[in-house]
file model_23.cif (mmCIF, C-alpha atoms)
data_final
#
loop_
_atom_site.label_atom_id
_atom_site.label_comp_id
_atom_site.auth_asym_id
_atom_site.auth_seq_id
_atom_site.Cartn_x
_atom_site.Cartn_y
_atom_site.Cartn_z
CA MET A 1 -0.45 163.14 218.34
CA ARG A 2 2.61 162.43 220.47
CA LEU A 3 2.51 159.66 223.06
CA LEU A 4 4.98 158.59 225.72
CA ASN A 5 6.24 155.02 225.91
CA ILE A 6 8.49 153.34 228.45
CA ASP A 7 11.33 151.25 227.07
CA SER A 8 12.36 147.92 228.62
CA ASP A 9 15.19 149.70 230.44
CA GLY A 10 12.77 152.21 231.97
CA ALA A 11 13.64 155.11 229.69
CA TYR A 12 10.91 157.28 228.19
CA SER A 13 10.47 157.71 224.45
CA LEU A 14 8.17 160.19 222.74
CA LEU A 15 6.60 158.90 219.52
CA SER A 16 4.36 160.64 216.98
CA TYR A 17 1.29 158.93 215.54
CA ALA A 18 -0.94 159.76 212.60
CA THR A 19 -4.61 160.29 213.41
CA ASN A 20 -5.63 156.96 211.89
CA ASP A 21 -2.81 155.02 213.57
CA ILE A 22 -3.09 155.97 217.26
CA PRO A 23 -2.77 152.98 219.63
CA SER A 24 -4.79 152.58 222.83
CA TYR A 25 -3.48 155.04 225.40
CA ALA A 26 -4.01 156.46 228.87
CA ILE A 27 -4.25 160.19 229.44
CA LEU A 28 -3.55 162.32 232.52
CA SER A 29 -5.73 165.07 233.95
CA HIS A 30 -4.02 167.25 236.54
CA THR A 31 -3.43 170.82 237.66
CA TRP A 32 -0.21 172.61 236.79
CA GLY A 33 2.19 173.86 239.39
CA ALA A 34 4.80 176.50 238.64
CA ASP A 35 5.80 176.30 234.98
CA GLU A 36 9.44 175.71 235.84
CA GLU A 37 8.48 172.66 237.92
CA GLU A 38 6.60 170.93 235.09
CA VAL A 39 8.51 168.40 232.96
CA THR A 40 8.85 169.21 229.27
CA SER A 41 9.65 166.79 226.45
CA LYS A 42 13.19 168.19 226.41
CA ASP A 43 13.56 167.48 230.13
CA LEU A 44 12.50 163.86 229.61
CA MET A 45 14.79 163.27 226.69
CA ASN A 46 17.90 164.74 228.33
CA GLY A 47 17.21 163.15 231.70
CA SER A 48 16.81 166.40 233.65
CA GLY A 49 13.10 165.94 234.41
CA GLU A 50 13.48 163.69 237.46
CA SER A 51 14.54 166.60 239.65
CA LYS A 52 11.31 168.51 238.97
CA ALA A 53 8.19 168.27 241.11
CA GLY A 54 6.06 167.46 238.06
CA TYR A 55 7.96 164.24 237.44
CA THR A 56 5.88 162.49 240.12
CA LYS A 57 2.75 162.86 237.97
CA ILE A 58 4.43 161.41 234.90
CA ARG A 59 5.79 158.44 236.81
CA PHE A 60 2.34 157.84 238.34
CA CYS A 61 0.68 157.91 234.91
CA ALA A 62 3.27 155.53 233.43
CA GLU A 63 2.90 153.05 236.28
CA GLN A 64 -0.90 153.16 236.31
CA ALA A 65 -1.07 152.76 232.53
CA ALA A 66 1.18 149.70 232.80
CA ARG A 67 -1.12 148.23 235.47
CA ASP A 68 -4.03 148.74 233.07
CA GLY A 69 -2.16 147.02 230.24
CA LEU A 70 -1.47 150.20 228.26
CA GLN A 71 1.97 150.87 226.84
CA CYS A 72 1.32 154.45 225.69
CA PHE A 73 0.18 157.48 227.65
CA TRP A 74 -0.27 161.22 227.18
CA VAL A 75 0.64 164.07 229.53
CA ASP A 76 0.18 167.62 228.27
CA THR A 77 3.29 169.07 229.92
CA CYS A 78 5.65 166.93 227.85
CA CYS A 79 3.59 165.72 224.86
CA ILE A 80 3.00 169.21 223.45
CA ASP A 81 5.84 171.41 222.22
CA ARG A 82 4.57 174.72 223.55
CA SER A 83 7.35 176.61 221.81
CA SER A 84 5.52 175.90 218.54
CA SER A 85 2.40 178.04 218.23
CA ALA A 86 1.11 175.83 215.41
CA GLU A 87 1.48 172.67 217.48
CA LEU A 88 -0.10 174.29 220.52
CA ALA A 89 -3.09 175.45 218.47
CA GLU A 90 -3.55 171.99 216.96
CA ALA A 91 -3.35 170.37 220.40
CA ILE A 92 -5.86 172.72 222.02
CA ASN A 93 -8.31 172.25 219.15
CA SER A 94 -7.88 168.46 219.40
CA MET A 95 -7.69 168.03 223.15
CA PHE A 96 -11.35 167.30 223.83
CA ARG A 97 -11.21 164.49 221.28
CA TRP A 98 -7.96 163.13 222.76
CA TYR A 99 -9.53 162.91 226.22
CA ARG A 100 -12.74 161.39 224.80
CA ASP A 101 -10.88 158.71 222.84
CA ALA A 102 -8.48 157.65 225.62
CA ALA A 103 -8.82 154.10 226.90
CA LYS A 104 -8.23 155.38 230.43
CA CYS A 105 -8.16 158.85 231.95
CA TYR A 106 -6.48 159.34 235.32
CA VAL A 107 -7.21 162.38 237.47
CA TYR A 108 -4.18 163.01 239.67
CA LEU A 109 -5.20 165.15 242.65
CA SER A 110 -1.90 166.48 243.96
CA ASP A 111 -3.63 168.33 246.80
CA VAL A 112 -5.60 165.34 248.11
CA SER A 113 -3.87 163.06 250.56
CA VAL A 114 -5.74 161.04 253.17
CA HIS A 115 -4.44 158.26 255.36
CA ASP A 116 -7.50 156.07 255.57
CA LEU A 117 -9.29 155.06 252.38
CA ASN A 118 -11.02 152.06 253.97
CA THR A 119 -14.10 154.09 254.89
CA PRO A 120 -16.95 153.32 252.44
CA VAL A 121 -17.36 155.98 249.75
CA SER A 122 -21.06 156.24 250.63
CA SER A 123 -20.29 157.37 254.18
CA SER A 124 -20.77 161.07 254.87
CA GLU A 125 -17.92 160.88 257.35
CA SER A 126 -15.36 159.58 254.83
CA THR A 127 -11.96 161.08 255.48
CA TRP A 128 -11.32 161.48 251.75
CA GLU A 129 -14.41 163.54 250.94
CA SER A 130 -13.56 166.93 252.41
CA PRO A 131 -10.16 167.29 250.71
CA PHE A 132 -11.69 165.88 247.52
CA ARG A 133 -14.37 168.56 247.47
CA ARG A 134 -11.77 171.28 248.10
CA SER A 135 -9.38 170.09 245.39
CA ARG A 136 -8.00 172.74 243.07
CA TRP A 137 -8.83 170.41 240.18
CA PHE A 138 -12.46 171.51 240.38
CA THR A 139 -11.53 175.19 239.97
CA ARG A 140 -9.45 175.08 236.77
CA GLY A 141 -10.78 175.88 233.32
CA TRP A 142 -9.05 173.11 231.40
CA THR A 143 -10.21 170.33 233.71
CA LEU A 144 -13.86 170.89 232.78
CA GLN A 145 -13.43 169.20 229.41
CA GLU A 146 -11.22 166.60 231.07
CA LEU A 147 -14.15 165.75 233.35
CA LEU A 148 -16.76 165.64 230.59
CA ALA A 149 -14.98 164.11 227.60
CA PRO A 150 -13.72 160.70 228.84
CA MET A 151 -15.99 157.73 229.40
CA SER A 152 -13.45 156.15 231.77
CA LEU A 153 -12.30 158.57 234.45
CA ASP A 154 -10.54 157.43 237.63
CA PHE A 155 -9.58 159.70 240.54
CA PHE A 156 -6.35 159.22 242.49
CA GLN A 157 -4.89 160.97 245.50
CA ARG A 158 -1.30 162.21 245.70
CA ASP A 159 0.26 158.89 246.63
CA GLY A 160 -1.47 157.12 243.73
CA LYS A 161 -4.23 155.43 245.72
CA ARG A 162 -7.52 155.28 243.85
CA LEU A 163 -10.49 157.21 245.27
CA GLY A 164 -13.13 156.10 242.79
CA ASP A 165 -14.36 156.83 239.27
CA LYS A 166 -16.79 159.21 237.63
CA LYS A 167 -19.71 156.86 238.26
CA SER A 168 -19.02 156.04 241.91
CA LEU A 169 -18.32 159.71 242.68
CA GLU A 170 -21.02 161.21 240.48
CA LEU A 171 -23.09 162.61 243.38
CA GLN A 172 -20.10 164.42 244.90
CA ILE A 173 -19.00 165.71 241.49
CA HIS A 174 -22.53 166.94 240.74
CA GLU A 175 -22.70 168.77 244.08
CA ILE A 176 -19.25 170.34 243.60
CA THR A 177 -19.68 171.43 239.98
CA GLY A 178 -23.42 171.79 239.43
CA ILE A 179 -23.14 169.64 236.31
CA PRO A 180 -26.22 167.43 235.82
CA ILE A 181 -25.73 163.75 236.57
CA GLN A 182 -27.10 162.86 233.12
CA CYS A 183 -24.21 164.78 231.62
CA LEU A 184 -21.70 163.02 233.85
CA ARG A 185 -23.17 159.72 232.64
CA GLY A 186 -22.42 160.59 229.03
CA ARG A 187 -25.47 162.39 227.72
CA SER A 188 -24.53 164.45 224.66
CA LEU A 189 -23.32 167.95 225.50
CA SER A 190 -25.37 169.33 222.61
CA SER A 191 -28.53 168.42 224.51
CA PHE A 192 -27.65 171.06 227.11
CA SER A 193 -28.17 174.71 226.22
CA VAL A 194 -25.26 177.02 225.53
CA GLN A 195 -26.21 179.05 228.59
CA GLU A 196 -26.22 175.97 230.84
CA ARG A 197 -22.82 174.81 229.58
CA LEU A 198 -21.38 178.26 230.21
CA SER A 199 -22.74 178.19 233.76
CA TRP A 200 -20.45 175.23 234.52
CA THR A 201 -17.42 177.51 234.04
CA ARG A 202 -18.32 180.29 236.49
CA SER A 203 -16.04 179.18 239.31
CA ARG A 204 -13.17 178.10 237.05
CA GLU A 205 -10.02 180.01 236.18
CA THR A 206 -7.04 179.73 233.84
CA LYS A 207 -3.52 181.12 234.07
CA ARG A 208 -3.76 182.97 230.75
CA GLU A 209 -6.84 185.10 230.26
CA GLU A 210 -7.47 183.95 226.69
CA ASP A 211 -7.62 180.35 227.88
CA ASN A 212 -10.91 181.19 229.61
CA ALA A 213 -12.36 181.01 226.09
CA TYR A 214 -10.00 178.50 224.47
CA CYS A 215 -10.68 175.82 227.10
CA LEU A 216 -14.34 175.78 225.98
CA LEU A 217 -13.77 174.86 222.33
CA GLY A 218 -14.48 171.17 222.85
CA ILE A 219 -17.42 171.86 225.16
CA PHE A 220 -19.16 173.62 222.24
CA ASP A 221 -17.65 171.45 219.48
CA VAL A 222 -16.09 174.40 217.65
CA HIS A 223 -12.59 175.17 216.41
CA MET A 224 -10.71 178.43 215.99
CA PRO A 225 -7.16 179.78 215.78
CA LEU A 226 -5.43 180.83 218.99
CA ILE A 227 -4.26 184.44 219.32
CA TYR A 228 -2.50 184.85 222.65
CA GLY A 229 -2.36 188.53 223.45
CA GLU A 230 -5.85 189.27 222.09
CA GLY A 231 -7.29 189.41 225.62
CA LYS A 232 -10.25 187.67 227.19
CA LYS A 233 -12.88 189.93 225.64
CA ASN A 234 -11.73 189.36 222.06
CA ALA A 235 -11.23 185.64 222.62
CA PHE A 236 -14.80 185.32 223.90
CA ARG A 237 -16.08 187.42 221.01
CA ARG A 238 -14.52 185.01 218.52
CA LEU A 239 -15.82 182.04 220.50
CA GLN A 240 -19.31 183.54 220.38
CA ASP A 241 -19.00 183.91 216.60
CA GLU A 242 -18.04 180.24 216.22
CA ILE A 243 -20.90 179.10 218.46
CA THR A 244 -23.33 181.21 216.42
CA LYS A 245 -22.03 179.76 213.15
CA ALA A 246 -22.36 176.23 214.50
CA SER A 247 -25.90 176.95 215.68
CA LYS A 248 -26.89 178.32 212.26
CA ARG A 249 -25.46 175.24 210.54
CA LYS A 250 -27.60 173.04 212.79
CA TYR A 251 -30.72 175.20 212.66
CA PRO A 252 -31.55 177.19 209.49
CA PHE A 253 -33.10 179.92 211.63
CA PRO A 254 -31.07 181.50 214.42
CA ARG A 255 -31.87 179.96 217.82
CA VAL A 256 -29.19 181.70 219.86
CA ARG A 257 -28.63 185.35 220.58
CA ILE A 258 -25.38 186.27 222.22
CA TYR A 259 -24.75 189.18 224.53
CA SER A 260 -21.53 190.32 226.15
CA ASN A 261 -21.11 192.47 229.24
CA PHE A 262 -17.33 192.88 228.57
CA GLN A 263 -16.55 191.08 231.84
CA GLY A 264 -17.54 187.70 230.57
CA VAL A 265 -20.14 186.24 228.28
CA TYR A 266 -23.69 185.02 228.57
CA LEU A 267 -26.04 183.63 225.97
CA ARG A 268 -29.77 183.25 225.66
CA SER A 269 -31.44 180.46 223.76
CA HIS A 270 -34.55 181.09 221.69
CA ASP A 271 -37.02 178.49 220.41
#
call {"tool": "encode", "arguments": {"input": "model_23.cif", "output": "structure tokens"}}
result
Amino acid sequence: MRLLNIDSDGAYSLLSYATNDIPSYAILSHTWGADEEEVTSKDLMNGSGESKAGYTKIRFCAEQAARDGLQCFWVDTCCIDRSSSAELAEAINSMFRWYRDAAKCYVYLSDVSVHDLNTPVSSSESTWESPFRRSRWFTRGWTLQELLAPMSLDFFQRDGKRLGDKKSLELQIHEITGIPIQCLRGRSLSSFSVQERLSWTRSRETKREEDNAYCLLGIFDVHMPLIYGEGKKNAFRRLQDEITKASKRKYPFPRVRIYSNFQGVYLRSHD
């Protein structure tokens, strides 16, 4: 796992850690803009990243991590070398765990900006609530696992002001996503049926069609190789196979039958 550090002179360094030697770290959850506006590891190292729009998110994460006493932090745009298919596959298969194990997870809502955050969160007239509910963050495929995996999840608006955390905002999050409050409070995902977990993805999208399946690996606690170019149907077919295998390992007799309508996927649980 690669983590970003800030040197005493304010420069970023990108360090690799073995699985058994990872320090406490913060992790960023966000939505991507245009690919060319996101900061890569190369951009950070050669100093060209500051001119990109995505640099604001990295600076925010670094500053917030420092305020929380954390020296290391992780941002997907620059901590994964996406030119390496092997590294990308390892990262995607590990990402749920990385978000779960983070000391702090910051949700940066680049499309939420309100002037008055003094209104109590419980008020139905809060100026923050409407833009919060409309945020693009709630429509992306990858952010589902970023919502469910971490125990500590704080939400921030565009200027870095804190809106609340997963507990204080659980009612709003439940109403926006349909995810049960017990799940938001940390109840094991395996206690929810496959069909119910899939229902949480219905209004979510990804840039690449295969990622509609790949972003669910951690939700179902399965792993599989990535084959970009295989298409959504084949990616979901392989995901279904892995879910079935996992179910058979847990239950000697099949408890899940899987059906596909070639537009998506739906599953039925059997006692």
call {"tool": "residues_around", "arguments": {"input": "model_23.cif", "residues": "Thr206 of chain A", "least_positions_apart": "3", "cutoff": "7 Å", "atoms": "only C-alpha atoms", "output": "list in words"}}
result
Arg140, Gly141, Glu209, Asp211 and Asn212 of chain A
call {"tool": "resolve_selection", "arguments": {"input": "model_23.cif", "expression": "the PyMOL selection byres ((chain A and resi 56-62) around 8)", "output": "list of chain:residue names"}}
result
A:Ile6, A:Ala26, A:Ile27, A:Leu28, A:Ala53, A:Gly54, A:Tyr55, A:Glu63, A:Gln64, A:Ala65, A:Ala66, A:Phe73, A:Val75, A:Tyr106, A:Tyr108, A:Gly160
call {"tool": "resolve_selection", "arguments": {"input": "model_23.cif", "expression": "the PyMOL selection byres ((chain A and resi 221) around 9)", "output": "list in words"}}
result
Phe96, Leu189, Ser190, Leu216, Leu217, Gly218, Ile219, Phe220, Val222, His223, Ile243 and Ala246 of chain A
call {"tool": "residues_around", "arguments": {"input": "model_23.cif", "residues": "Arg136 of chain A", "least_positions_apart": "3", "cutoff": "9 Å", "atoms": "all atoms listed in the file", "output": "JSON, numbers by chain"}}
result
{"A": [31, 109, 110, 111, 132, 133, 139, 140]}
call {"tool": "closest_residue", "arguments": {"input": "model_23.cif", "among": "A:Leu148, A:Arg82, A:Cys215, A:Thr127", "to": "Leu239 of chain A", "atoms": "all atoms listed in the file"}}
result
A:Cys215
call {"tool": "closest_residue", "arguments": {"input": "model_23.cif", "among": "A:Ser135, A:Ser191, A:Ser84, A:Ser94", "to": "Val107 of chain A", "atoms": "only C-alpha atoms"}}
result
A:Ser135
call {"tool": "closest_atom_pairs", "arguments": {"input": "model_23.cif", "of": "segment 180-232 of chain A", "to": "segment 86-92 of chain A", "cutoff": "8 Å", "atoms": "all atoms listed in the file", "output": "Markdown table"}}
result
| residue | atom | partner | partner_atom | distance |
| --- | --- | --- | --- | --- |
| A:Tyr214 | CA | A:Ile92 | CA | 7.5 |
| A:Cys215 | CA | A:Ile92 | CA | 7.7 |
| A:Pro225 | CA | A:Ala89 | CA | 6.5 |
| A:Leu226 | CA | A:Ala89 | CA | 5.9 |
call {"tool": "atom_distance", "arguments": {"input": "model_23.cif", "atom1": "atom CA of Phe192 of chain A", "atom2": "atom CA of Lys245 of chain A"}}
result
17.4 Å
call {"tool": "closest_residue", "arguments": {"input": "model_23.cif", "among": "A:Leu4, A:Ala11, A:Arg67, A:Thr19", "to": "Thr40 of chain A", "atoms": "all atoms listed in the file"}}
result
A:Leu4
call {"tool": "resolve_selection", "arguments": {"input": "model_23.cif", "expression": "the PyMOL selection byres ((chain A and resi 76) around 10)", "output": "list in words"}}
result
Arg2, Leu3, Ile27, Leu28, Ser29, His30, Trp32, Glu38, Val39, Thr40, Ser41, Trp74, Val75, Thr77, Cys78, Cys79, Ile80, Asp81, Arg82, Ala91 and Met95 of chain A
call {"tool": "closest_residue", "arguments": {"input": "model_23.cif", "among": "A:Glu129, A:Asp68, A:Asp101, A:Glu50", "to": "Leu169 of chain A", "atoms": "only C-alpha atoms"}}
result
A:Glu129
call {"tool": "atom_distance", "arguments": {"input": "model_23.cif", "atom1": "atom CA of Glu196 of chain A", "atom2": "atom CA of Gln145 of chain A"}}
result
14.5 Å
call {"tool": "axis_aligned_box", "arguments": {"input": "model_23.cif", "around": "segment 28-33 of chain A", "padding_each_side": "3 Å", "output": "lines of an AutoDock Vina configuration file"}}
result
center_x = -1.8
center_y = 168.1
center_z = 236.0
size_x = 13.9
size_y = 17.5
size_z = 12.9
call {"tool": "closest_residue", "arguments": {"input": "model_23.cif", "among": "A:Leu198, A:Val112, A:Cys72, A:Cys105", "to": "Ser152 of chain A", "atoms": "all atoms listed in the file"}}
result
A:Cys105
call {"tool": "atom_distance", "arguments": {"input": "model_23.cif", "atom1": "atom CA of Ile173 of chain A", "atom2": "atom CA of Leu147 of chain A"}}
result
9.5 Å
call {"tool": "residues_around", "arguments": {"input": "model_23.cif", "residues": "Phe155 of chain A", "least_positions_apart": "2", "cutoff": "6 Å", "atoms": "only C-alpha atoms", "output": "mmCIF file with C-alpha atoms, in the coordinates of the input"}}
result
data_model
loop_
_atom_site.group_PDB
_atom_site.id
_atom_site.type_symbol
_atom_site.label_atom_id
_atom_site.label_comp_id
_atom_site.auth_asym_id
_atom_site.auth_seq_id
_atom_site.Cartn_x
_atom_site.Cartn_y
_atom_site.Cartn_z
ATOM 1 C CA VAL A 107 -7.210 162.380 237.470
ATOM 2 C CA ARG A 162 -7.520 155.280 243.850
ATOM 3 C CA LEU A 163 -10.490 157.210 245.270
ATOM 4 C CA GLY A 164 -13.130 156.100 242.790
ATOM 5 C CA ASP A 165 -14.360 156.830 239.270
#
call {"tool": "closest_residue", "arguments": {"input": "model_23.cif", "among": "A:Trp98, A:Phe138, A:Tyr228, A:Phe156", "to": "Ser203 of chain A", "atoms": "all atoms listed in the file"}}
result
A:Phe138
call {"tool": "residues_around", "arguments": {"input": "model_23.cif", "residues": "Gly186 of chain A", "least_positions_apart": "4", "cutoff": "9 Å", "atoms": "all atoms listed in the file", "output": "PyMOL selection string"}}
result
chain A and resi 148-151+181-182
call {"tool": "decode", "arguments": {"input": "model_23.cif", "residues": "segment 170-189 of chain A", "atoms": "N, CA and C atoms", "output": "PDB file, in the first residue's frame"}}
result
ATOM      1  N   GLU A 170     -26.913   9.975  10.015  1.00  0.00           N
ATOM      2  CA  GLU A 170     -27.388   8.660   9.596  1.00  0.00           C
ATOM      3  C   GLU A 170     -28.814   8.687   9.054  1.00  0.00           C
ATOM      4  N   LEU A 171     -29.689   9.525   9.601  1.00  0.00           N
ATOM      5  CA  LEU A 171     -31.068   9.581   9.107  1.00  0.00           C
ATOM      6  C   LEU A 171     -31.098  10.096   7.675  1.00  0.00           C
ATOM      7  N   GLN A 172     -30.373  11.176   7.402  1.00  0.00           N
ATOM      8  CA  GLN A 172     -30.320  11.714   6.036  1.00  0.00           C
ATOM      9  C   GLN A 172     -29.719  10.693   5.071  1.00  0.00           C
ATOM     10  N   ILE A 173     -28.642  10.048   5.487  1.00  0.00           N
ATOM     11  CA  ILE A 173     -27.985   9.064   4.620  1.00  0.00           C
ATOM     12  C   ILE A 173     -28.926   7.897   4.340  1.00  0.00           C
ATOM     13  N   HIS A 174     -29.623   7.441   5.358  1.00  0.00           N
ATOM     14  CA  HIS A 174     -30.598   6.357   5.184  1.00  0.00           C
ATOM     15  C   HIS A 174     -31.683   6.756   4.184  1.00  0.00           C
ATOM     16  N   GLU A 175     -32.202   7.977   4.304  1.00  0.00           N
ATOM     17  CA  GLU A 175     -33.265   8.432   3.407  1.00  0.00           C
ATOM     18  C   GLU A 175     -32.758   8.604   1.977  1.00  0.00           C
ATOM     19  N   ILE A 176     -31.519   9.025   1.819  1.00  0.00           N
ATOM     20  CA  ILE A 176     -30.954   9.228   0.481  1.00  0.00           C
ATOM     21  C   ILE A 176     -30.651   7.901  -0.205  1.00  0.00           C
ATOM     22  N   THR A 177     -30.096   6.956   0.548  1.00  0.00           N
ATOM     23  CA  THR A 177     -29.564   5.722  -0.050  1.00  0.00           C
ATOM     24  C   THR A 177     -30.458   4.506   0.102  1.00  0.00           C
ATOM     25  N   GLY A 178     -31.348   4.525   1.084  1.00  0.00           N
ATOM     26  CA  GLY A 178     -32.159   3.344   1.362  1.00  0.00           C
ATOM     27  C   GLY A 178     -31.435   2.286   2.163  1.00  0.00           C
ATOM     28  N   ILE A 179     -30.217   2.562   2.573  1.00  0.00           N
ATOM     29  CA  ILE A 179     -29.431   1.601   3.355  1.00  0.00           C
ATOM     30  C   ILE A 179     -29.929   1.612   4.799  1.00  0.00           C
ATOM     31  N   PRO A 180     -30.186   0.435   5.372  1.00  0.00           N
ATOM     32  CA  PRO A 180     -30.694   0.388   6.750  1.00  0.00           C
ATOM     33  C   PRO A 180     -29.749   1.061   7.741  1.00  0.00           C
ATOM     34  N   ILE A 181     -30.319   1.696   8.744  1.00  0.00           N
ATOM     35  CA  ILE A 181     -29.513   2.386   9.749  1.00  0.00           C
ATOM     36  C   ILE A 181     -28.615   1.406  10.488  1.00  0.00           C
ATOM     37  N   GLN A 182     -29.101   0.159  10.709  1.00  0.00           N
ATOM     38  CA  GLN A 182     -28.251  -0.826  11.392  1.00  0.00           C
ATOM     39  C   GLN A 182     -26.969  -1.078  10.614  1.00  0.00           C
ATOM     40  N   CYS A 183     -27.072  -1.055   9.305  1.00  0.00           N
ATOM     41  CA  CYS A 183     -25.891  -1.240   8.471  1.00  0.00           C
ATOM     42  C   CYS A 183     -24.954  -0.044   8.605  1.00  0.00           C
ATOM     43  N   LEU A 184     -25.513   1.155   8.598  1.00  0.00           N
ATOM     44  CA  LEU A 184     -24.698   2.355   8.743  1.00  0.00           C
ATOM     45  C   LEU A 184     -24.000   2.385  10.096  1.00  0.00           C
ATOM     46  N   ARG A 185     -24.573   1.716  11.074  1.00  0.00           N
ATOM     47  CA  ARG A 185     -23.978   1.678  12.423  1.00  0.00           C
ATOM     48  C   ARG A 185     -22.952   0.565  12.573  1.00  0.00           C
ATOM     49  N   GLY A 186     -22.718  -0.198  11.504  1.00  0.00           N
ATOM     50  CA  GLY A 186     -21.642  -1.178  11.553  1.00  0.00           C
ATOM     51  C   GLY A 186     -22.063  -2.624  11.598  1.00  0.00           C
ATOM     52  N   ARG A 187     -23.346  -2.895  11.467  1.00  0.00           N
ATOM     53  CA  ARG A 187     -23.782  -4.294  11.427  1.00  0.00           C
ATOM     54  C   ARG A 187     -23.135  -4.989  10.239  1.00  0.00           C
ATOM     55  N   SER A 188     -22.732  -6.233  10.415  1.00  0.00           N
ATOM     56  CA  SER A 188     -22.017  -6.974   9.377  1.00  0.00           C
ATOM     57  C   SER A 188     -22.802  -7.016   8.069  1.00  0.00           C
ATOM     58  N   LEU A 189     -22.117  -6.758   6.972  1.00  0.00           N
ATOM     59  CA  LEU A 189     -22.785  -6.787   5.667  1.00  0.00           C
ATOM     60  C   LEU A 189     -23.328  -8.179   5.347  1.00  0.00           C
TER      61      LEU A 189
END
